[in-house]
>>> print(open('my_file.csv').read())   # CSV, C-alpha atoms and all ligand atoms
chain,number,residue,atom,x,y,z
A,105,MET,CA,-33.3,7.8,11.8
A,106,LEU,CA,-29.6,8.5,12.3
A,107,LEU,CA,-27.2,6.1,10.6
A,108,HIS,CA,-23.5,5.9,11.6
A,109,PHE,CA,-21.1,5.3,8.7
A,110,THR,CA,-17.4,5.4,7.8
A,111,LYS,CA,-16.0,6.8,4.6
A,112,MET,CA,-13.1,4.7,3.3
A,113,HIS,CA,-11.2,4.2,0.1
A,114,GLY,CA,-8.9,1.7,-1.6
A,115,LEU,CA,-6.7,3.5,-4.1
A,116,GLY,CA,-9.4,6.2,-4.6
A,117,ASN,CA,-12.2,3.8,-5.1
A,118,ASP,CA,-14.4,5.2,-2.4
A,119,PHE,CA,-17.0,3.6,-0.1
A,120,MET,CA,-19.6,4.4,2.5
A,121,VAL,CA,-19.2,1.5,5.0
A,122,VAL,CA,-22.2,0.7,7.3
A,123,ASP,CA,-22.1,-1.6,10.3
A,124,LEU,CA,-25.4,-3.5,10.5
A,125,VAL,CA,-24.1,-5.8,13.2
A,126,THR,CA,-24.7,-3.2,15.9
A,127,GLN,CA,-27.2,-0.9,14.0
A,128,ARG,CA,-30.5,-1.7,12.5
A,129,ALA,CA,-31.5,-0.1,9.1
A,130,ARG,CA,-32.8,-1.0,5.7
A,131,LEU,CA,-31.8,1.1,2.8
A,132,SER,CA,-33.9,1.4,-0.4
A,133,ILE,CA,-32.4,1.7,-3.9
A,134,ASP,CA,-33.5,5.4,-4.0
A,135,GLN,CA,-31.9,6.1,-0.6
A,136,ILE,CA,-28.6,4.5,-1.8
A,137,ARG,CA,-28.7,6.6,-5.0
A,138,ARG,CA,-29.2,9.8,-3.0
A,139,LEU,CA,-26.4,8.9,-0.5
A,140,ALA,CA,-24.1,8.1,-3.4
A,141,ASP,CA,-24.6,11.5,-5.0
A,142,ARG,CA,-21.4,13.6,-4.8
A,143,HIS,CA,-23.3,16.9,-4.6
A,144,PHE,CA,-26.5,16.1,-2.7
A,145,GLY,CA,-25.3,13.1,-0.6
A,146,ILE,CA,-22.2,11.7,0.9
A,147,GLY,CA,-20.7,10.5,-2.4
A,148,PHE,CA,-19.2,7.1,-3.0
A,149,ASP,CA,-18.6,4.5,-5.7
A,150,GLN,CA,-20.0,1.6,-3.6
A,151,LEU,CA,-21.9,1.1,-0.3
A,152,LEU,CA,-20.5,-1.7,1.8
A,153,ILE,CA,-22.7,-3.3,4.4
A,154,VAL,CA,-21.3,-5.4,7.3
A,155,GLU,CA,-23.9,-8.0,8.5
A,156,PRO,CA,-23.8,-11.0,10.7
A,157,PRO,CA,-23.1,-14.2,8.7
A,158,GLN,CA,-25.8,-16.7,7.7
A,159,ASN,CA,-23.2,-19.5,7.7
A,160,PRO,CA,-21.8,-20.0,11.2
A,161,ASP,CA,-18.3,-20.9,9.8
A,162,MET,CA,-18.0,-17.4,8.5
A,163,ASP,CA,-17.2,-14.2,10.5
A,164,PHE,CA,-19.4,-11.7,8.6
A,165,ARG,CA,-21.6,-11.3,5.6
A,166,TYR,CA,-20.3,-8.7,3.1
A,167,ARG,CA,-22.9,-6.9,0.9
A,168,ILE,CA,-22.1,-4.5,-1.9
A,169,PHE,CA,-24.2,-1.9,-3.7
A,170,ASN,CA,-23.1,0.2,-6.6
A,171,ALA,CA,-23.8,4.0,-6.8
A,172,ASP,CA,-26.8,3.2,-9.0
A,173,GLY,CA,-28.4,1.2,-6.1
A,174,GLY,CA,-27.9,-2.2,-7.6
A,175,GLU,CA,-26.6,-5.0,-5.3
A,176,VAL,CA,-23.6,-6.8,-6.8
A,177,GLU,CA,-21.6,-10.0,-6.1
A,178,ASN,CA,-18.1,-8.7,-5.3
A,179,CYS,CA,-15.8,-5.7,-4.8
A,180,GLY,CA,-12.0,-6.2,-4.3
A,181,ASN,CA,-11.0,-2.8,-3.1
A,182,GLY,CA,-14.1,-2.9,-0.8
A,183,ALA,CA,-13.0,-6.3,0.6
A,184,ARG,CA,-9.7,-4.7,1.8
A,185,CYS,CA,-11.6,-1.8,3.4
A,186,PHE,CA,-14.1,-4.2,5.0
A,187,ALA,CA,-11.2,-6.0,6.7
A,188,ARG,CA,-9.8,-2.7,8.1
A,189,PHE,CA,-13.2,-1.6,9.2
A,190,VAL,CA,-14.3,-4.6,11.2
A,191,ARG,CA,-11.0,-4.5,13.1
A,192,ASP,CA,-11.0,-0.7,13.6
A,193,GLN,CA,-14.6,-1.0,15.0
A,194,ARG,CA,-13.5,-3.9,17.2
A,195,LEU,CA,-16.1,-6.2,15.6
A,196,THR,CA,-13.2,-8.7,15.4
A,197,HIS,CA,-9.6,-9.0,16.5
A,198,LYS,CA,-8.8,-11.6,13.9
A,199,ARG,CA,-6.1,-10.9,11.2
A,200,GLU,CA,-7.6,-13.6,9.0
A,201,ILE,CA,-11.3,-12.9,8.4
A,202,HIS,CA,-13.8,-15.1,6.5
A,203,VAL,CA,-16.7,-13.3,4.8
A,204,GLU,CA,-19.6,-14.6,2.8
A,205,THR,CA,-20.7,-12.8,-0.3
A,206,GLN,CA,-23.6,-13.2,-2.8
A,207,THR,CA,-21.5,-15.6,-4.8
A,208,GLY,CA,-19.2,-17.4,-2.3
A,209,ALA,CA,-16.6,-16.7,0.3
A,210,LEU,CA,-13.6,-14.5,0.6
A,211,THR,CA,-10.6,-14.7,3.0
A,212,LEU,CA,-9.1,-11.4,4.0
A,213,THR,CA,-5.7,-11.2,5.7
A,214,VAL,CA,-4.5,-8.0,7.4
A,215,GLU,CA,-0.7,-7.9,6.9
A,216,ASP,CA,1.9,-6.6,9.4
A,217,ASP,CA,2.2,-3.4,7.3
A,218,ASP,CA,-1.7,-2.9,7.4
A,219,ARG,CA,-2.1,-3.7,3.7
A,220,VAL,CA,-4.7,-6.4,3.1
A,221,THR,CA,-4.4,-9.5,1.0
A,222,VAL,CA,-7.7,-11.0,-0.4
A,223,ASP,CA,-8.0,-14.6,-1.5
A,224,MET,CA,-10.3,-13.9,-4.4
A,225,GLY,CA,-10.9,-17.5,-5.3
A,226,GLU,CA,-10.6,-18.9,-8.8
A,227,PRO,CA,-11.3,-16.7,-11.8
A,228,SER,CA,-13.9,-18.4,-14.0
A,229,PHE,CA,-13.8,-18.2,-17.8
A,230,ASP,CA,-17.1,-20.1,-18.2
A,231,PRO,CA,-19.5,-17.9,-20.2
A,232,ALA,CA,-22.5,-19.3,-18.3
A,233,VAL,CA,-20.9,-18.2,-15.0
A,234,VAL,CA,-20.0,-14.6,-16.1
A,235,PRO,CA,-22.9,-14.5,-17.6
A,236,PHE,CA,-21.9,-14.0,-21.2
A,237,ASP,CA,-23.8,-15.1,-24.3
A,238,ALA,CA,-21.2,-17.4,-26.0
A,239,ALA,CA,-21.2,-21.1,-26.8
A,240,ASP,CA,-17.6,-21.8,-25.6
A,241,ASP,CA,-14.9,-20.5,-23.5
A,242,HIS,CA,-12.3,-18.7,-25.7
A,243,ILE,CA,-9.2,-16.9,-24.5
A,244,VAL,CA,-10.3,-14.0,-26.7
A,245,HIS,CA,-13.9,-13.4,-27.9
A,246,ASP,CA,-15.1,-11.3,-30.8
A,247,LEU,CA,-17.6,-8.6,-30.0
A,248,THR,CA,-19.4,-6.1,-32.1
A,249,VAL,CA,-19.8,-2.7,-30.6
A,250,ASP,CA,-21.3,0.3,-32.6
A,251,ASP,CA,-20.7,-1.7,-35.8
A,252,ALA,CA,-17.0,-2.1,-35.0
A,253,ARG,CA,-15.5,-5.5,-34.1
A,254,ILE,CA,-13.3,-5.7,-31.1
A,255,GLN,CA,-11.5,-8.6,-29.3
A,256,ALA,CA,-11.7,-9.0,-25.5
A,257,GLY,CA,-11.2,-11.4,-22.7
A,258,VAL,CA,-14.4,-12.3,-20.7
A,259,LEU,CA,-14.3,-13.7,-17.2
A,260,SER,CA,-15.9,-13.7,-13.7
A,261,MET,CA,-14.2,-12.7,-10.5
A,262,GLY,CA,-17.5,-13.4,-8.7
A,263,ASN,CA,-18.7,-10.4,-10.7
A,264,PRO,CA,-18.5,-10.0,-14.6
A,265,HIS,CA,-15.6,-8.5,-16.4
A,266,VAL,CA,-14.6,-7.8,-20.0
A,267,VAL,CA,-10.9,-6.9,-20.7
A,268,LEU,CA,-9.7,-5.0,-23.7
A,269,GLU,CA,-6.0,-4.8,-24.5
A,270,VAL,CA,-5.0,-1.2,-25.5
A,271,ASP,CA,-1.7,0.4,-26.5
A,272,ASP,CA,-2.0,3.3,-24.1
A,273,VAL,CA,-4.6,3.6,-21.3
A,274,ASP,CA,-4.2,7.4,-21.4
A,275,THR,CA,-5.8,7.6,-24.9
A,276,ALA,CA,-8.1,4.5,-24.6
A,277,PRO,CA,-11.8,5.2,-25.5
A,278,VAL,CA,-13.0,4.5,-21.9
A,279,ALA,CA,-15.8,7.1,-22.0
A,280,ARG,CA,-17.2,5.7,-25.4
A,281,LEU,CA,-16.6,2.0,-25.1
A,282,GLY,CA,-17.2,1.7,-21.4
A,283,PRO,CA,-20.9,2.5,-21.4
A,284,ALA,CA,-21.5,0.7,-24.8
A,285,LEU,CA,-20.0,-2.5,-23.4
A,286,GLU,CA,-21.4,-2.2,-19.9
A,287,SER,CA,-24.9,-2.6,-21.4
A,288,HIS,CA,-24.0,-4.8,-24.3
A,289,ALA,CA,-26.7,-7.3,-25.2
A,290,ARG,CA,-24.3,-10.3,-24.8
A,291,PHE,CA,-23.9,-9.5,-21.1
A,292,PRO,CA,-27.4,-10.0,-19.6
A,293,ALA,CA,-26.2,-8.9,-16.1
A,294,ARG,CA,-24.2,-6.0,-17.6
A,295,VAL,CA,-20.4,-6.0,-17.1
A,296,ASN,CA,-17.3,-4.1,-15.8
A,297,VAL,CA,-15.1,-2.9,-18.6
A,298,GLY,CA,-11.3,-3.0,-18.2
A,299,PHE,CA,-8.7,-1.3,-20.5
A,300,LEU,CA,-5.4,-3.1,-20.1
A,301,GLN,CA,-1.9,-1.9,-21.2
A,302,TYR,CA,1.0,-4.3,-20.9
A,303,MET,CA,4.3,-2.8,-19.8
A,304,SER,CA,6.4,-5.9,-19.0
A,305,PRO,CA,5.6,-9.4,-17.9
A,306,HIS,CA,5.3,-8.2,-14.3
A,307,GLU,CA,3.8,-4.8,-14.8
A,308,ALA,CA,0.7,-3.3,-16.5
A,309,ARG,CA,-1.6,-0.3,-16.4
A,310,LEU,CA,-5.4,-0.4,-16.2
A,311,ARG,CA,-8.5,1.8,-16.3
A,312,VAL,CA,-11.9,0.4,-15.5
A,313,PHE,CA,-15.4,1.6,-16.4
A,314,GLU,CA,-17.4,0.0,-13.6
A,315,ARG,CA,-20.9,-1.4,-14.0
A,316,GLY,CA,-23.4,0.8,-12.1
A,317,THR,CA,-20.8,3.4,-11.2
A,318,GLY,CA,-18.8,4.7,-14.2
A,319,GLU,CA,-15.0,5.0,-14.4
A,320,THR,CA,-13.4,4.8,-11.0
A,321,MET,CA,-9.9,5.5,-9.7
A,322,ALA,CA,-9.3,1.8,-9.2
A,323,CYS,CA,-11.2,-1.5,-9.4
A,324,GLY,CA,-9.8,-4.4,-7.4
A,325,THR,CA,-11.8,-7.2,-9.1
A,326,GLY,CA,-11.0,-5.4,-12.5
A,327,ALA,CA,-7.3,-5.6,-11.7
A,328,CYS,CA,-7.6,-9.4,-10.8
A,329,ALA,CA,-9.6,-10.0,-14.0
A,330,ALA,CA,-7.0,-8.1,-16.2
A,331,VAL,CA,-4.1,-10.0,-14.7
A,332,ALA,CA,-5.9,-13.4,-15.0
A,333,HIS,CA,-6.6,-12.6,-18.7
A,334,GLY,CA,-3.0,-11.4,-19.3
A,335,ILE,CA,-1.5,-14.5,-17.7
A,336,ARG,CA,-3.8,-16.7,-19.8
A,337,ARG,CA,-2.7,-14.8,-22.9
A,338,GLU,CA,0.9,-15.4,-21.8
A,339,ARG,CA,1.6,-11.7,-21.8
A,340,LEU,CA,1.9,-11.4,-18.0
A,341,ALA,CA,3.6,-13.6,-15.4
A,342,SER,CA,2.9,-13.7,-11.6
A,343,PRO,CA,3.4,-11.6,-9.6
A,344,VAL,CA,2.0,-8.5,-11.4
A,345,THR,CA,2.0,-4.9,-10.3
A,346,ILE,CA,-1.1,-3.2,-11.7
A,347,HIS,CA,-1.0,0.6,-12.0
A,348,LEU,CA,-4.4,2.1,-11.6
A,349,LEU,CA,-5.4,5.8,-11.6
A,350,GLY,CA,-5.4,5.8,-7.8
A,351,GLY,CA,-2.3,3.7,-7.1
A,352,ASP,CA,-0.9,0.1,-7.3
A,353,LEU,CA,-2.1,-3.4,-6.5
A,354,THR,CA,-0.1,-6.6,-6.5
A,355,ILE,CA,-1.7,-9.7,-8.0
A,356,ASP,CA,-0.5,-13.2,-7.6
A,357,TRP,CA,-2.0,-16.1,-9.7
A,358,ALA,CA,-0.4,-19.5,-10.3
A,359,GLY,CA,-2.8,-20.1,-13.3
A,360,PRO,CA,-6.0,-21.9,-14.1
A,361,GLY,CA,-7.4,-24.0,-11.2
A,362,GLN,CA,-5.6,-21.9,-8.6
A,363,HIS,CA,-6.9,-19.2,-6.3
A,364,LEU,CA,-5.9,-15.6,-7.1
A,365,PHE,CA,-4.5,-13.2,-4.5
A,366,MET,CA,-4.7,-9.4,-4.4
A,367,THR,CA,-2.7,-7.2,-2.0
A,368,GLY,CA,-3.1,-3.5,-1.5
A,369,PRO,CA,-4.0,-0.6,0.9
A,370,ALA,CA,-7.2,0.3,2.6
A,371,GLU,CA,-7.7,3.8,4.2
A,372,ARG,CA,-10.2,5.3,6.6
A,373,ILE,CA,-11.2,8.9,5.6
A,374,PHE,CA,-13.8,10.0,8.2
A,375,ASP,CA,-16.7,8.8,10.4
A,376,GLY,CA,-20.1,10.4,10.2
A,377,ARG,CA,-23.8,10.2,10.8
A,378,VAL,CA,-26.6,10.8,8.3
A,379,HIS,CA,-30.3,11.3,8.6
A,380,LEU,CA,-32.1,8.7,6.5
A,381,THR,CA,-35.1,10.2,4.8
B,401,LIG,N1,-14.9,-1.3,-7.3
B,401,LIG,C1,-15.0,-2.7,-7.2
B,401,LIG,C2,-16.1,-3.4,-8.0
B,401,LIG,C3,-17.5,-3.0,-7.5
B,401,LIG,C4,-18.6,-3.7,-8.2
B,401,LIG,C5,-18.7,-3.6,-9.7
B,401,LIG,N2,-18.9,-2.2,-10.1
B,401,LIG,C6,-19.7,-4.5,-10.3
B,401,LIG,O1,-20.8,-4.0,-10.6
B,401,LIG,O2,-19.5,-5.7,-10.4
B,401,LIG,C7,-13.7,-3.5,-7.0
B,401,LIG,O3,-12.8,-2.9,-6.4
B,401,LIG,O4,-13.7,-4.7,-7.3
>>> encode(input="my_file.csv", output="structure tokens")
Amino acid sequence: MLLHFTKMHGLGNDFMVVDLVTQRARLSIDQIRRLADRHFGIGFDQLLIVEPPQNPDMDFRYRIFNADGGEVENCGNGARCFARFVRDQRLTHKREIHVETQTGALTLTVEDDDRVTVDMGEPSFDPAVVPFDAADDHIVHDLTVDDARIQAGVLSMGNPHVVLEVDDVDTAPVARLGPALESHARFPARVNVGFLQYMSPHEARLRVFERGTGETMACGTGACAAVAHGIRRERLASPVTIHLLGGDLTIDWAGPGQHLFMTGPAERIFDGRVHLT
């Protein structure tokens, strides 16, 4: 069958977006992996699926698959592209869009300058929610990786994140520690790994090794997790500009118990059709 799709990106974190409101299709893990391949397929970090909502109070259901074919709970850059996509496709005219995800609901607001603000909900530091094998919630946890001890923040933005503070993201051991932590035994659902460099209370740099994808140009939930960790550590203060490899995001968070907001761009690259085999 022929499947219509749109290629989009949020700061270089790229997506294949498929409308399953007006099309019918079911994609297997193997098909997703083949489509994600940058040489033999379309190439993307995540596949985003637009579906009708199950809850009638919501506008759409938002499903996310990593390049390895695994379905995941949340994707921040994807959420901004999702908002642009459903409006461009005239699936809605709303500027405030309510979407259900695997772990809850997100509110997406398309701003006058076409950037999108996502209400990401409350970060959770509860190890059981992440999930993370630890008895208590600590601001910083000790972890052993390859016989070395490191300290890191651990939290959920709907999906799991571990945040390591580094002096310089350019020389951070992303390629070594990223895969080692992604599959660390204390993260039973695996984890996204952020490397955070503080620059000032309102500015930081970040690289993210994403679960199921590898290092990306930007990770929206990773930026939210890094800022929530930095604010809890009293090293950052809202609002924070996060510099990622692909560009900047603005994160606002008033602290524990409050919702966190992420604002940034969403770009359409091209539309296409692919034969599903
Ligand atoms: N790129 C994303 C996160 C996508 C999901 C993540 N790799 C996971 O497995 O949780 C973002 O912008 O948040």
>>> residues_around(input="my_file.csv", residues="stretch 138-145 of chain A", least_positions_apart="6", cutoff="12 Å", atoms="all atoms listed in the file", output="PDB file with C-alpha atoms, in the coordinates of the input")
ATOM      1  CA  LEU A 107     -27.200   6.100  10.600  1.00  0.00           C
ATOM      2  CA  PHE A 109     -21.100   5.300   8.700  1.00  0.00           C
ATOM      3  CA  LYS A 111     -16.000   6.800   4.600  1.00  0.00           C
ATOM      4  CA  ASP A 118     -14.400   5.200  -2.400  1.00  0.00           C
ATOM      5  CA  PHE A 119     -17.000   3.600  -0.100  1.00  0.00           C
ATOM      6  CA  MET A 120     -19.600   4.400   2.500  1.00  0.00           C
ATOM      7  CA  VAL A 121     -19.200   1.500   5.000  1.00  0.00           C
ATOM      8  CA  LEU A 131     -31.800   1.100   2.800  1.00  0.00           C
ATOM      9  CA  SER A 132     -33.900   1.400  -0.400  1.00  0.00           C
ATOM     10  CA  LEU A 151     -21.900   1.100  -0.300  1.00  0.00           C
ATOM     11  CA  LEU A 152     -20.500  -1.700   1.800  1.00  0.00           C
ATOM     12  CA  PHE A 169     -24.200  -1.900  -3.700  1.00  0.00           C
ATOM     13  CA  ASN A 170     -23.100   0.200  -6.600  1.00  0.00           C
ATOM     14  CA  ALA A 171     -23.800   4.000  -6.800  1.00  0.00           C
ATOM     15  CA  ASP A 172     -26.800   3.200  -9.000  1.00  0.00           C
ATOM     16  CA  GLY A 173     -28.400   1.200  -6.100  1.00  0.00           C
ATOM     17  CA  GLY A 174     -27.900  -2.200  -7.600  1.00  0.00           C
ATOM     18  CA  GLY A 316     -23.400   0.800 -12.100  1.00  0.00           C
ATOM     19  CA  THR A 317     -20.800   3.400 -11.200  1.00  0.00           C
ATOM     20  CA  ARG A 377     -23.800  10.200  10.800  1.00  0.00           C
ATOM     21  CA  VAL A 378     -26.600  10.800   8.300  1.00  0.00           C
ATOM     22  CA  HIS A 379     -30.300  11.300   8.600  1.00  0.00           C
ATOM     23  CA  LEU A 380     -32.100   8.700   6.500  1.00  0.00           C
ATOM     24  CA  THR A 381     -35.100  10.200   4.800  1.00  0.00           C
TER      25      THR A 381
END
>>> closest_atom_pairs(input="my_file.csv", of="chain A", to="ligand LIG 401 (chain B)", cutoff="9 Å", atoms="all atoms listed in the file", output="tab-separated table")
residue	atom	partner	partner_atom	distance
A:Gly114	CA	B:LIG401	O3	7.7
A:Asn117	CA	B:LIG401	N1	6.2
A:Asp118	CA	B:LIG401	N1	8.2
A:Phe119	CA	B:LIG401	N1	9.0
A:Asp149	CA	B:LIG401	N1	7.1
A:Gln150	CA	B:LIG401	C3	6.5
A:Ile168	CA	B:LIG401	C4	7.3
A:Phe169	CA	B:LIG401	C4	7.4
A:Asn170	CA	B:LIG401	N2	6.0
A:Ala171	CA	B:LIG401	N2	8.6
A:Gly174	CA	B:LIG401	O1	7.9
A:Glu175	CA	B:LIG401	O1	7.9
A:Val176	CA	B:LIG401	O1	5.5
A:Glu177	CA	B:LIG401	O2	6.4
A:Asn178	CA	B:LIG401	C4	5.8
A:Cys179	CA	B:LIG401	O4	3.4
A:Gly180	CA	B:LIG401	O4	3.8
A:Asn181	CA	B:LIG401	O3	3.8
A:Gly182	CA	B:LIG401	O3	5.7
A:Ala183	CA	B:LIG401	O3	7.8
A:Arg184	CA	B:LIG401	O3	8.9
A:Met261	CA	B:LIG401	O4	8.6
A:Gly262	CA	B:LIG401	O2	8.1
A:Asn263	CA	B:LIG401	O2	4.8
A:Pro264	CA	B:LIG401	O2	6.1
A:His265	CA	B:LIG401	O2	7.7
A:Arg294	CA	B:LIG401	O1	8.0
A:Val295	CA	B:LIG401	O2	6.8
A:Asn296	CA	B:LIG401	C6	6.0
A:Val312	CA	B:LIG401	N1	8.9
A:Phe313	CA	B:LIG401	N2	8.1
A:Glu314	CA	B:LIG401	N2	4.4
A:Arg315	CA	B:LIG401	O1	4.3
A:Gly316	CA	B:LIG401	O1	5.7
A:Thr317	CA	B:LIG401	N2	6.0
A:Gly318	CA	B:LIG401	N2	8.0
A:Thr320	CA	B:LIG401	N1	7.3
A:Met321	CA	B:LIG401	N1	8.8
A:Ala322	CA	B:LIG401	O3	6.5
A:Cys323	CA	B:LIG401	O3	3.7
A:Gly324	CA	B:LIG401	O3	3.5
A:Thr325	CA	B:LIG401	O4	3.6
A:Gly326	CA	B:LIG401	O4	5.9
A:Ala327	CA	B:LIG401	O4	7.8
A:Cys328	CA	B:LIG401	O4	8.5
>>> closest_residue(input="my_file.csv", among="A:Leu106, A:Ala332, A:Ile146, A:Val297", to="A:Gly282", atoms="all atoms listed in the file")
A:Val297
>>> closest_residue(input="my_file.csv", among="A:Phe299, A:Phe236, A:Phe365, A:Phe186", to="A:Val278", atoms="only C-alpha atoms")
A:Phe299
>>> residues_around(input="my_file.csv", residues="A:Ala238", least_positions_apart="4", cutoff="12 Å", atoms="all atoms listed in the file", output="list in words")
Phe229, Asp230, Pro231, Ala232, Val233, Val234, His242, Val244, His245, Asp246, Leu247, Val258, Leu259, Ala289, Arg290, Phe291 and Pro292 of chain A
>>> write_last_selection(input="my_file.csv", atoms="C-alpha atoms", output="PDB file, keeping the file's coordinate frame")
ATOM      1  CA  PHE A 229     -13.800 -18.200 -17.800  1.00  0.00           C
ATOM      2  CA  ASP A 230     -17.100 -20.100 -18.200  1.00  0.00           C
ATOM      3  CA  PRO A 231     -19.500 -17.900 -20.200  1.00  0.00           C
ATOM      4  CA  ALA A 232     -22.500 -19.300 -18.300  1.00  0.00           C
ATOM      5  CA  VAL A 233     -20.900 -18.200 -15.000  1.00  0.00           C
ATOM      6  CA  VAL A 234     -20.000 -14.600 -16.100  1.00  0.00           C
ATOM      7  CA  HIS A 242     -12.300 -18.700 -25.700  1.00  0.00           C
ATOM      8  CA  VAL A 244     -10.300 -14.000 -26.700  1.00  0.00           C
ATOM      9  CA  HIS A 245     -13.900 -13.400 -27.900  1.00  0.00           C
ATOM     10  CA  ASP A 246     -15.100 -11.300 -30.800  1.00  0.00           C
ATOM     11  CA  LEU A 247     -17.600  -8.600 -30.000  1.00  0.00           C
ATOM     12  CA  VAL A 258     -14.400 -12.300 -20.700  1.00  0.00           C
ATOM     13  CA  LEU A 259     -14.300 -13.700 -17.200  1.00  0.00           C
ATOM     14  CA  ALA A 289     -26.700  -7.300 -25.200  1.00  0.00           C
ATOM     15  CA  ARG A 290     -24.300 -10.300 -24.800  1.00  0.00           C
ATOM     16  CA  PHE A 291     -23.900  -9.500 -21.100  1.00  0.00           C
ATOM     17  CA  PRO A 292     -27.400 -10.000 -19.600  1.00  0.00           C
TER      18      PRO A 292
END
>>> residues_around(input="my_file.csv", residues="stretch 352-363 of chain A", least_positions_apart="4", cutoff="7 Å", atoms="all atoms listed in the file", output="list of chain:residue names")
A:Asp223, A:Met224, A:Gly225, A:Glu226, A:Cys328, A:Ser342, A:Pro343, A:Val344, A:Thr345, A:Ile346, A:His347, A:Leu348, A:Thr367, A:Gly368
>>> write_last_selection(input="my_file.csv", atoms="C-alpha atoms", output="PDB file, in the frame of the given file")
ATOM      1  CA  ASP A 223      -8.000 -14.600  -1.500  1.00  0.00           C
ATOM      2  CA  MET A 224     -10.300 -13.900  -4.400  1.00  0.00           C
ATOM      3  CA  GLY A 225     -10.900 -17.500  -5.300  1.00  0.00           C
ATOM      4  CA  GLU A 226     -10.600 -18.900  -8.800  1.00  0.00           C
ATOM      5  CA  CYS A 328      -7.600  -9.400 -10.800  1.00  0.00           C
ATOM      6  CA  SER A 342       2.900 -13.700 -11.600  1.00  0.00           C
ATOM      7  CA  PRO A 343       3.400 -11.600  -9.600  1.00  0.00           C
ATOM      8  CA  VAL A 344       2.000  -8.500 -11.400  1.00  0.00           C
ATOM      9  CA  THR A 345       2.000  -4.900 -10.300  1.00  0.00           C
ATOM     10  CA  ILE A 346      -1.100  -3.200 -11.700  1.00  0.00           C
ATOM     11  CA  HIS A 347      -1.000   0.600 -12.000  1.00  0.00           C
ATOM     12  CA  LEU A 348      -4.400   2.100 -11.600  1.00  0.00           C
ATOM     13  CA  THR A 367      -2.700  -7.200  -2.000  1.00  0.00           C
ATOM     14  CA  GLY A 368      -3.100  -3.500  -1.500  1.00  0.00           C
TER      15      GLY A 368
END
>>> atom_distance(input="my_file.csv", atom1="atom CA of A:Gly350", atom2="atom CA of A:Val154")
24.6 Å
>>> residues_around(input="my_file.csv", residues="A:Arg128", least_positions_apart="2", cutoff="12 Å", atoms="only C-alpha atoms", output="number ranges by chain")
A: 105-108, 122-126, 130-131, 153-156
>>> closest_residue(input="my_file.csv", among="A:Ile373, A:Val203, A:Ala239, A:Ala256", to="A:Ala330", atoms="all atoms listed in the file")
A:Ala256
